[in-house]
Structure formats: structure tokens, C-alpha cells
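Asker: Input file: structure.cif. Contents: mmCIF, C-alpha atoms.
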data_my_file
#
loop_
_atom_site.label_atom_id
_atom_site.label_comp_id
_atom_site.auth_asym_id
_atom_site.auth_seq_id
_atom_site.Cartn_x
_atom_site.Cartn_y
_atom_site.Cartn_z
CA MET F 1285 127.57 131.02 79.99
CA LYS F 1286 125.70 130.95 76.69
CA ASN F 1287 125.30 127.17 76.88
CA GLU F 1288 123.97 127.45 80.44
CA ASN F 1289 121.39 130.03 79.36
CA GLU F 1290 120.29 127.88 76.45
CA SER F 1291 120.00 124.85 78.74
CA GLN F 1292 117.92 126.83 81.22
CA THR F 1293 115.68 128.08 78.42
CA ILE F 1294 115.12 124.53 77.16
CA LYS F 1295 114.21 123.37 80.67
CA LEU F 1296 111.73 126.20 81.05
CA GLN F 1297 110.17 125.39 77.69
CA ARG F 1298 109.84 121.72 78.63
CA ALA F 1299 108.31 122.65 81.98
CA ALA F 1300 105.84 124.96 80.21
CA ARG F 1301 104.88 122.21 77.75
CA TRP F 1302 104.39 119.65 80.51
CA GLY F 1303 102.40 122.19 82.51
CA PHE F 1304 100.15 122.77 79.51
CA VAL F 1305 99.72 119.02 79.01
CA GLY F 1306 98.94 118.63 82.72
CA ARG F 1307 96.24 121.33 82.58
CA ILE F 1308 94.70 119.70 79.51
CA ALA F 1309 94.69 116.32 81.26
CA MET F 1310 93.05 117.78 84.36
CA ASN F 1311 90.38 119.51 82.28
CA VAL F 1312 89.65 116.31 80.37
CA TYR F 1313 89.38 114.40 83.64
CA ALA F 1314 87.04 117.05 85.08
CA ILE F 1315 84.83 116.91 81.98
CA ILE F 1316 84.64 113.10 82.08
CA ALA F 1317 83.87 113.13 85.81
CA SER F 1318 81.16 115.77 85.32
CA ILE F 1319 79.55 113.81 82.49
CA SER F 1320 79.62 110.61 84.56
CA CYS F 1321 77.80 112.45 87.37
CA LEU F 1322 75.28 114.28 85.21
CA PHE F 1323 74.37 111.55 82.75
CA PRO F 1324 72.50 109.28 85.21
CA MET F 1325 70.23 112.18 86.18
CA ILE F 1326 69.70 113.19 82.54
CA TRP F 1327 68.99 109.57 81.60
CA LEU F 1328 66.53 109.28 84.50
CA VAL F 1329 64.61 112.37 83.37
CA TYR F 1330 64.28 111.56 79.68
CA SER F 1331 63.57 107.88 80.39
CA SER F 1332 60.62 108.95 82.54
CA LEU F 1333 59.13 110.54 79.41
CA LYS F 1334 59.11 107.21 77.51
CA THR F 1335 56.50 104.53 77.23
CA GLN F 1336 57.24 101.04 78.50
CA PHE F 1337 57.56 99.79 74.92
CA GLU F 1338 60.12 102.47 74.00
CA PHE F 1339 62.15 101.71 77.11
CA ASP F 1340 62.15 97.97 76.39
CA VAL F 1341 63.29 98.53 72.79
CA ASP F 1342 66.20 100.83 73.70
CA SER F 1343 66.70 101.99 77.26
CA PHE F 1344 69.34 104.62 76.38
CA SER F 1345 67.83 106.31 73.34
CA LEU F 1346 65.92 109.57 73.54
CA PRO F 1347 62.12 109.33 73.65
CA GLN F 1348 60.51 109.43 70.21
CA ASN F 1349 57.21 110.80 71.53
CA PRO F 1350 57.79 112.36 74.99
CA THR F 1351 54.81 111.97 77.28
CA LEU F 1352 53.88 113.01 80.81
CA ASP F 1353 51.55 110.05 81.29
CA ASN F 1354 54.00 108.41 83.69
CA TYR F 1355 53.90 111.43 86.01
CA VAL F 1356 50.11 111.53 85.82
CA HIS F 1357 50.01 107.83 86.66
CA VAL F 1358 52.30 108.28 89.67
CA LEU F 1359 50.41 111.24 91.10
CA SER F 1360 46.96 109.76 90.48
CA THR F 1361 47.46 106.15 91.57
CA SER F 1362 49.86 106.48 94.49
CA PRO F 1363 49.97 108.62 97.67
CA MET F 1364 53.24 110.23 96.58
CA PHE F 1365 52.33 113.58 98.13
CA ARG F 1366 51.66 111.82 101.43
CA TYR F 1367 55.05 110.14 101.28
CA MET F 1368 56.71 113.48 100.56
CA LEU F 1369 54.83 115.14 103.44
CA ASN F 1370 56.03 112.43 105.82
CA SER F 1371 59.60 112.85 104.59
CA ILE F 1372 59.39 116.64 104.96
CA ILE F 1373 58.08 116.37 108.53
CA VAL F 1374 60.76 113.88 109.53
CA ALA F 1375 63.53 115.81 107.76
CA ILE F 1376 62.61 119.23 109.19
CA ILE F 1377 62.32 118.04 112.80
CA SER F 1378 65.46 115.92 112.52
CA VAL F 1379 67.50 118.70 110.92
CA PHE F 1380 66.40 121.17 113.60
CA GLY F 1381 67.49 118.77 116.34
CA ILE F 1382 70.78 118.00 114.60
CA ILE F 1383 71.64 121.68 114.17
CA LEU F 1384 70.69 122.60 117.73
CA PHE F 1385 72.54 119.77 119.49
CA SER F 1386 75.54 119.95 117.14
CA PHE F 1387 75.97 123.65 117.82
CA ILE F 1388 75.59 123.40 121.60
CA VAL F 1389 77.80 120.33 122.04
CA GLY F 1390 80.35 121.62 119.50
CA TYR F 1391 80.57 124.93 121.36
CA PHE F 1392 80.98 123.30 124.77
CA VAL F 1393 83.71 120.97 123.52
CA ALA F 1394 85.55 123.76 121.71
CA ARG F 1395 85.35 126.43 124.42
CA LEU F 1396 84.93 124.90 127.85
CA LYS F 1397 87.88 123.25 129.57
CA PHE F 1398 86.86 120.29 131.71
CA ARG F 1399 88.17 116.83 132.48
CA GLY F 1400 87.23 114.28 129.85
CA ARG F 1401 86.49 116.89 127.19
CA ARG F 1402 88.61 115.22 124.51
CA LEU F 1403 87.30 111.79 125.49
CA ILE F 1404 83.71 112.92 125.00
CA PHE F 1405 84.59 114.51 121.67
CA ASN F 1406 86.40 111.38 120.49
CA LEU F 1407 83.45 109.21 121.51
CA PHE F 1408 81.20 111.34 119.33
CA LEU F 1409 83.65 110.99 116.46
CA LEU F 1410 83.67 107.21 116.90
CA GLY F 1411 79.96 107.36 116.15
CA MET F 1412 80.89 108.20 112.55
CA LEU F 1413 82.56 104.78 112.26
CA VAL F 1414 79.61 102.72 113.51
CA PRO F 1415 77.92 100.87 110.60
CA VAL F 1416 74.25 101.76 110.49
CA HIS F 1417 73.19 98.23 109.57
CA SER F 1418 74.85 96.77 112.65
CA LEU F 1419 72.32 98.58 114.86
CA MET F 1420 69.17 97.91 112.89
CA VAL F 1421 68.12 94.75 114.74
CA PRO F 1422 68.91 96.06 118.27
CA MET F 1423 67.12 99.32 117.50
CA TYR F 1424 64.08 97.50 116.13
CA VAL F 1425 63.90 95.32 119.24
CA MET F 1426 64.29 98.33 121.56
CA PHE F 1427 61.69 100.43 119.73
CA SER F 1428 59.28 97.50 119.62
CA ASN F 1429 59.58 97.00 123.38
CA ILE F 1430 58.77 100.63 124.13
CA GLY F 1431 56.06 100.89 121.47
CA LEU F 1432 57.72 103.42 119.18
CA THR F 1433 57.51 101.50 115.91
CA ASP F 1434 55.08 102.70 113.26
CA SER F 1435 55.53 106.35 114.19
CA LEU F 1436 57.51 109.19 112.72
CA VAL F 1437 59.29 109.58 116.06
CA ALA F 1438 60.86 106.18 115.41
CA LEU F 1439 62.67 107.72 112.43
CA ILE F 1440 63.47 111.12 113.92
CA LEU F 1441 65.43 109.75 116.89
CA PRO F 1442 67.91 107.56 114.96
CA TYR F 1443 68.32 110.21 112.25
CA ILE F 1444 69.39 112.75 114.86
CA CYS F 1445 71.69 110.29 116.60
CA PHE F 1446 73.49 109.15 113.46
CA GLU F 1447 74.02 112.65 112.08
CA LEU F 1448 75.16 114.23 115.36
CA PRO F 1449 78.81 113.05 115.18
CA GLN F 1450 79.40 114.74 111.84
CA GLY F 1451 77.53 117.86 112.92
CA ILE F 1452 79.46 118.12 116.19
CA TYR F 1453 82.76 117.71 114.37
CA LEU F 1454 81.95 120.52 111.90
CA ALA F 1455 80.55 122.83 114.59
CA GLU F 1456 83.51 122.27 116.93
CA SER F 1457 85.97 123.01 114.12
CA TYR F 1458 84.15 126.20 113.19
CA VAL F 1459 83.85 127.51 116.76
CA HIS F 1460 87.65 127.26 117.05
CA SER F 1461 87.93 129.85 114.28
CA ILE F 1462 85.79 132.39 116.18
CA PRO F 1463 87.96 134.76 118.29
CA ARG F 1464 87.47 134.38 122.02
CA GLU F 1465 87.74 138.15 122.38
CA MET F 1466 84.15 138.50 121.12
CA GLU F 1467 82.82 136.45 124.01
CA GLU F 1468 85.06 138.24 126.49
CA ALA F 1469 83.82 141.62 125.26
CA ALA F 1470 80.22 140.48 125.58
CA SER F 1471 80.89 139.23 129.12
CA ILE F 1472 82.43 142.58 130.08
CA ASP F 1473 79.32 144.32 128.74
CA GLY F 1474 77.18 142.18 131.07
CA ALA F 1475 75.82 139.66 128.54
CA SER F 1476 74.71 136.35 130.01
CA PHE F 1477 76.08 133.03 128.80
CA SER F 1478 72.89 132.12 126.94
CA TYR F 1479 72.74 135.57 125.31
CA THR F 1480 76.35 135.25 124.15
CA LEU F 1481 75.77 131.74 122.87
CA PHE F 1482 72.57 132.32 120.92
CA ARG F 1483 72.76 136.02 120.02
CA ILE F 1484 76.46 136.41 119.23
CA ILE F 1485 78.08 133.06 118.46
CA LEU F 1486 75.08 131.47 116.73
CA PRO F 1487 74.78 134.14 113.98
CA ILE F 1488 78.53 133.97 113.36
CA ALA F 1489 78.33 130.18 113.03
CA LYS F 1490 75.48 130.42 110.53
CA PRO F 1491 77.59 129.22 107.50
CA ILE F 1492 78.57 125.94 109.13
CA LEU F 1493 75.09 125.42 110.59
CA VAL F 1494 73.58 125.83 107.12
CA THR F 1495 76.08 123.26 105.85
CA ILE F 1496 75.17 120.83 108.63
CA GLY F 1497 71.50 121.36 107.93
CA ILE F 1498 71.74 120.71 104.19
CA ILE F 1499 73.92 117.60 104.57
CA SER F 1500 71.58 116.27 107.26
CA PHE F 1501 68.53 116.99 105.12
CA PHE F 1502 69.96 114.89 102.29
CA TYR F 1503 70.54 112.00 104.70
CA CYS F 1504 67.09 112.21 106.27
CA TRP F 1505 65.35 112.55 102.92
CA ASN F 1506 67.13 109.59 101.32
CA GLU F 1507 67.39 107.22 104.30
CA PHE F 1508 65.82 103.83 103.62
CA SER F 1509 67.06 101.19 106.07
CA PHE F 1510 65.44 102.45 109.28
CA ALA F 1511 62.26 103.41 107.45
CA LEU F 1512 62.03 99.86 106.11
CA ILE F 1513 62.20 98.11 109.49
CA LEU F 1514 60.47 100.70 111.71
CA ILE F 1515 57.53 101.71 109.50
CA SER F 1516 54.91 99.27 108.22
CA ARG F 1517 51.80 101.45 107.90
CA GLU F 1518 51.41 102.87 104.41
CA ALA F 1519 50.19 106.23 105.74
CA LEU F 1520 53.55 106.76 107.49
CA ARG F 1521 55.86 105.71 104.67
CA THR F 1522 58.55 108.11 103.56
CA VAL F 1523 59.58 108.73 99.96
CA PRO F 1524 62.39 106.10 99.72
CA LEU F 1525 60.08 103.48 101.18
CA GLY F 1526 57.21 104.52 98.94
CA LEU F 1527 59.34 104.10 95.83
CA THR F 1528 59.53 100.36 96.45
CA LEU F 1529 55.82 100.10 95.61
CA PHE F 1530 56.62 100.86 91.97
CA SER F 1531 58.69 97.69 91.64
CA GLY F 1532 56.61 94.59 90.99
CA SER F 1533 57.37 91.01 91.96
CA PHE F 1534 57.73 89.80 88.37
CA THR F 1535 57.66 92.88 86.13
CA THR F 1536 58.44 96.54 86.66
CA ASN F 1537 57.25 99.51 84.66
CA TYR F 1538 60.57 101.34 84.66
CA PRO F 1539 59.41 104.63 83.07
CA VAL F 1540 56.73 104.96 85.78
CA MET F 1541 59.26 104.14 88.49
CA MET F 1542 61.68 106.68 87.02
CA ALA F 1543 58.95 109.33 86.99
CA ALA F 1544 58.40 108.63 90.70
CA MET F 1545 62.15 108.90 91.30
CA VAL F 1546 62.30 112.25 89.51
CA ILE F 1547 59.48 113.57 91.70
CA ALA F 1548 61.22 112.19 94.80
CA THR F 1549 64.61 113.73 93.98
CA PHE F 1550 63.25 117.12 92.94
CA PRO F 1551 63.26 118.70 96.46
CA SER F 1552 66.84 117.53 97.13
CA LEU F 1553 67.98 118.76 93.73
CA LEU F 1554 66.30 122.12 94.29
CA ILE F 1555 67.98 122.57 97.68
CA TYR F 1556 71.37 121.62 96.27
CA VAL F 1557 71.07 124.06 93.35
CA PHE F 1558 70.25 126.98 95.65
CA PHE F 1559 72.55 126.11 98.57
CA SER F 1560 75.57 124.39 96.99
CA ARG F 1561 77.67 127.52 97.50
CA LYS F 1562 76.67 127.59 101.17
CA ILE F 1563 77.85 124.00 101.56
CA MET F 1564 81.26 124.77 100.07
CA ASP F 1565 81.69 127.99 102.08
CA GLY F 1566 80.75 126.26 105.33
CA MET F 1567 83.03 123.27 104.75
CA VAL F 1568 86.01 125.49 103.86
CA ALA F 1569 85.42 127.84 106.79
CA GLY F 1570 85.00 124.94 109.22
CA ALA F 1571 88.21 123.32 108.06
CA VAL F 1572 90.32 126.25 109.31
CA LYS F 1573 90.89 126.29 113.05
CA GLY F 1574 91.94 129.40 114.86
#
Can you present the structure in this file as C-alpha cells?

Answerer:
Amino acid sequence: MKNENESQTIKLQRAARWGFVGRIAMNVYAIIASISCLFPMIWLVYSSLKTQFEFDVDSFSLPQNPTLDNYVHVLSTSPMFRYMLNSIIVAIISVFGIILFSFIVGYFVARLKFRGRRLIFNLFLLGMLVPVHSLMVPMYVMFSNIGLTDSLVALILPYICFELPQGIYLAESYVHSIPREMEEAASIDGASFSYTLFRIILPIAKPILVTIGIISFFYCWNEFSFALILISREALRTVPLGLTLFSGSFTTNYPVMMAAMVIATFPSLLIYVFFSRKIMDGMVAGAVKG
């Protein structure tokens, strides 16, 4: 009996040691992963404070004499604010459409029972597998034929279409977690369908709708491919398209380009800092079906 107890104690000690080693390994991995994610942004910021000569000498060293001349150059010689305004207009309208259609379609698919419901839902999900670049030429030809190129509408429509599958999937998953009894109680009290949908279910689904909105905003703000082929007028360029102007044919002033990139990423970074918790809460809540 004594030998068995000693053997059990040794096993527990070994398990504790391996558990400690495992926790250390996980923490080291998390630290390395965090540094690998943060360093590019830190490098981008402090490189934007260098002169071209300092960057050419050593692109990874800290700036010897930090300067804001690159930011002044970007804001004074380029219509960066115009690019940002175009991106904001496109992103806000697109996100509103994505949230609205995702919520309505997600609710109908989750709650209403009709023939072909799963087929329609699966077709929307298949949209997540369609490569964006495979539709660039057909979409350009179609928009050219109907005269929609060189307009912000030409960007809003594809942005909504390509983000709808993901939004519908998240909304449908979240609606499943909402008890049906709430809708039944509202119906007994005489509430109409539209009142129940927009005054009762919509506020409850706010966490997942915020998540859909933030993820969609990142996509709309950073999208480059459709903006490149559908927009040619400089006054309608969005931020990703405007950043290409800072790259020359033969030489590129990288500190100036990095200053422009810092300005361009600032709104997205600000939104992520303030709403990162909302994203996590919405994704976790939407992953649990009732």
C-alpha cells in the first residue's frame, strides 16, 4: 500500500511539473505571437518619424532626430482628408446595409419555417467561398455597361454583397439563442411582426450586430481591389487607393509613405481599441445556439 501511495505521489508530482512547463510554454508562445503582431505597427510609427536618409542607412533603428515633417508633407501635398472622407462615406453606408440585411435575412432563416430555407441559407454561406478576384472582371464589365463606374455606389454595392454571407451567418446563429417565448409573449400582447422584429429582437441582437458592423467596417475601409478597377477619378479615391500615390515608379520615399499609412490606419485602430471587447462578446454569444 505504501509503495502504491508513493507511486501515485510521484505521478502527481510529474504531472504538476509538466503542467507548469506547459503553462510556461504557452505564455512564451503568447508573448512571441503578441510581439510579432505589435512590432510591425510600432516599426511603422517610428519609421514615419525618420528622414529618408535615416531610413536608408538603417531601416530598423530608432529615429535619431524624430520629426513630423513627413506628416506635414502628406497632409499638405495630398488630398488625404478627401480620401478618408470617401472611405468614411462608403464604409458607413455599406455597414448600415450589411447590418440591416444581415439581421433581417438571418432572422427569417432562423425563425420562419418554409420550403427551401436551408438551401437559401447554404447558398448565402457559399458566398463566403467565392474568391473576390474571380468576379472583378465580370463586375467591371457589368458596371461599365450600366454606367456605375467612377461612383461611390460602385463600391458600396459589392461591399454589401461580399460581406452579407458572413453577416447572415452570425445573425442567424445569434437569433437561435434568443428564446421564442419572447416573441410569443409580444404576439399575445398584440405586437405586430415589424414591432417585434425591430423593437424587441433588434435590441437583444445588438452585440452581434455591433460585431458584424465592426468587422464589415474593417473590410470596407481596407478594400483595394474593387476600388482599383471601379474608380479612376482622383476625387473619388478611397484611402487604400490613395496610398498608391506615395509609391513612385523608380524611387519611393518610405518614411512619407509610412506616415500616410499611419494616418490611414488610425481610424481602424481607434475603433478596434474601443470596440475589441464588443467583437469578442458578439462572436462568443453568436457561437452558442439555443

Asker: Could you tell me, as a list in words, exactly which residues end up selected when the PyMOL selection byres ((chain F and resi 1454) around 9) is applied to this structure?

Answerer: Ser1386, Phe1387, Gly1390, Pro1449, Gln1450, Gly1451, Ile1452, Tyr1453, Ala1455, Glu1456, Ser1457, Tyr1458, Val1459, Ile1492, Leu1493, Thr1495, Ile1496, Gly1566, Met1567, Gly1570 and Ala1571 of chain F

Asker: Using all atoms listed in the file, which of the listed residues (F:Thr1433, F:Thr1480, F:Thr1361, F:Ser1343) sits closest to Leu1512 of chain F?

Answerer: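 The shortest atom-to-atom distance to Leu1512 of chain F comes from F:Thr1433.
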
Asker: Please identify all polymer residues within 8 Å of Met1545 of chain F, counting all atoms listed in the file, omitting same-chain residues fewer than 4 positions from it, and present them as a ChimeraX atom specification.

Answerer: /F:1527,1541,1549

Asker: Have a look at F:Ile1430, F:Val1312, F:Met1412, F:Ile1462 and name the one nearest to Leu1486 of chain F; count only C-alpha atoms.

Answerer: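 For Leu1486 of chain F, the nearest of the given residues is F:Ile1462.
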
Asker: Atom CA of Ile1547 of chain F and atom CA of Pro1363 of chain F, how far apart in Å?

Answerer: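 Taking atom CA of Pro1363 of chain F as the start and atom CA of Ile1547 of chain F as the end point, the length is 12.3 Å.
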
Asker: Between F:His1357, F:His1460, F:Arg1395, F:Arg1483, which has the minimum distance to Ser1332 of chain F (counting only C-alpha atoms)?

Answerer: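 The closest residue to Ser1332 of chain F is F:His1357.
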
Asker: Taking the point (73.2, 117.2, 102.3) as given in the file, collect each protein or nucleic acid residue that comes within 12 Å of it, counting all atoms listed in the file, and present the set as number ranges by chain.

Answerer: F: 1375, 1379, 1447, 1450-1451, 1493-1507, 1551-1557, 1559-1560, 1562-1564, 1567

Asker: Please write as a short mmCIF file (atom, residue, chain, number, x, y, z; two decimals) with C-alpha atoms, keeping the file's coordinate frame the full residue list that the PyMOL selection byres ((chain F and resi 1358) around 12) yields on this file.

Answerer:
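Once written, expr13.cif looks like this:
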data_model
loop_
_atom_site.label_atom_id
_atom_site.label_comp_id
_atom_site.auth_asym_id
_atom_site.auth_seq_id
_atom_site.Cartn_x
_atom_site.Cartn_y
_atom_site.Cartn_z
CA SER F 1332 60.62 108.95 82.54
CA LEU F 1352 53.88 113.01 80.81
CA ASP F 1353 51.55 110.05 81.29
CA ASN F 1354 54.00 108.41 83.69
CA TYR F 1355 53.90 111.43 86.01
CA VAL F 1356 50.11 111.53 85.82
CA HIS F 1357 50.01 107.83 86.66
CA LEU F 1359 50.41 111.24 91.10
CA SER F 1360 46.96 109.76 90.48
CA THR F 1361 47.46 106.15 91.57
CA SER F 1362 49.86 106.48 94.49
CA PRO F 1363 49.97 108.62 97.67
CA MET F 1364 53.24 110.23 96.58
CA PHE F 1365 52.33 113.58 98.13
CA GLY F 1526 57.21 104.52 98.94
CA LEU F 1527 59.34 104.10 95.83
CA LEU F 1529 55.82 100.10 95.61
CA PHE F 1530 56.62 100.86 91.97
CA ASN F 1537 57.25 99.51 84.66
CA TYR F 1538 60.57 101.34 84.66
CA PRO F 1539 59.41 104.63 83.07
CA VAL F 1540 56.73 104.96 85.78
CA MET F 1541 59.26 104.14 88.49
CA MET F 1542 61.68 106.68 87.02
CA ALA F 1543 58.95 109.33 86.99
CA ALA F 1544 58.40 108.63 90.70
CA MET F 1545 62.15 108.90 91.30
CA VAL F 1546 62.30 112.25 89.51
CA ILE F 1547 59.48 113.57 91.70
CA ALA F 1548 61.22 112.19 94.80
#
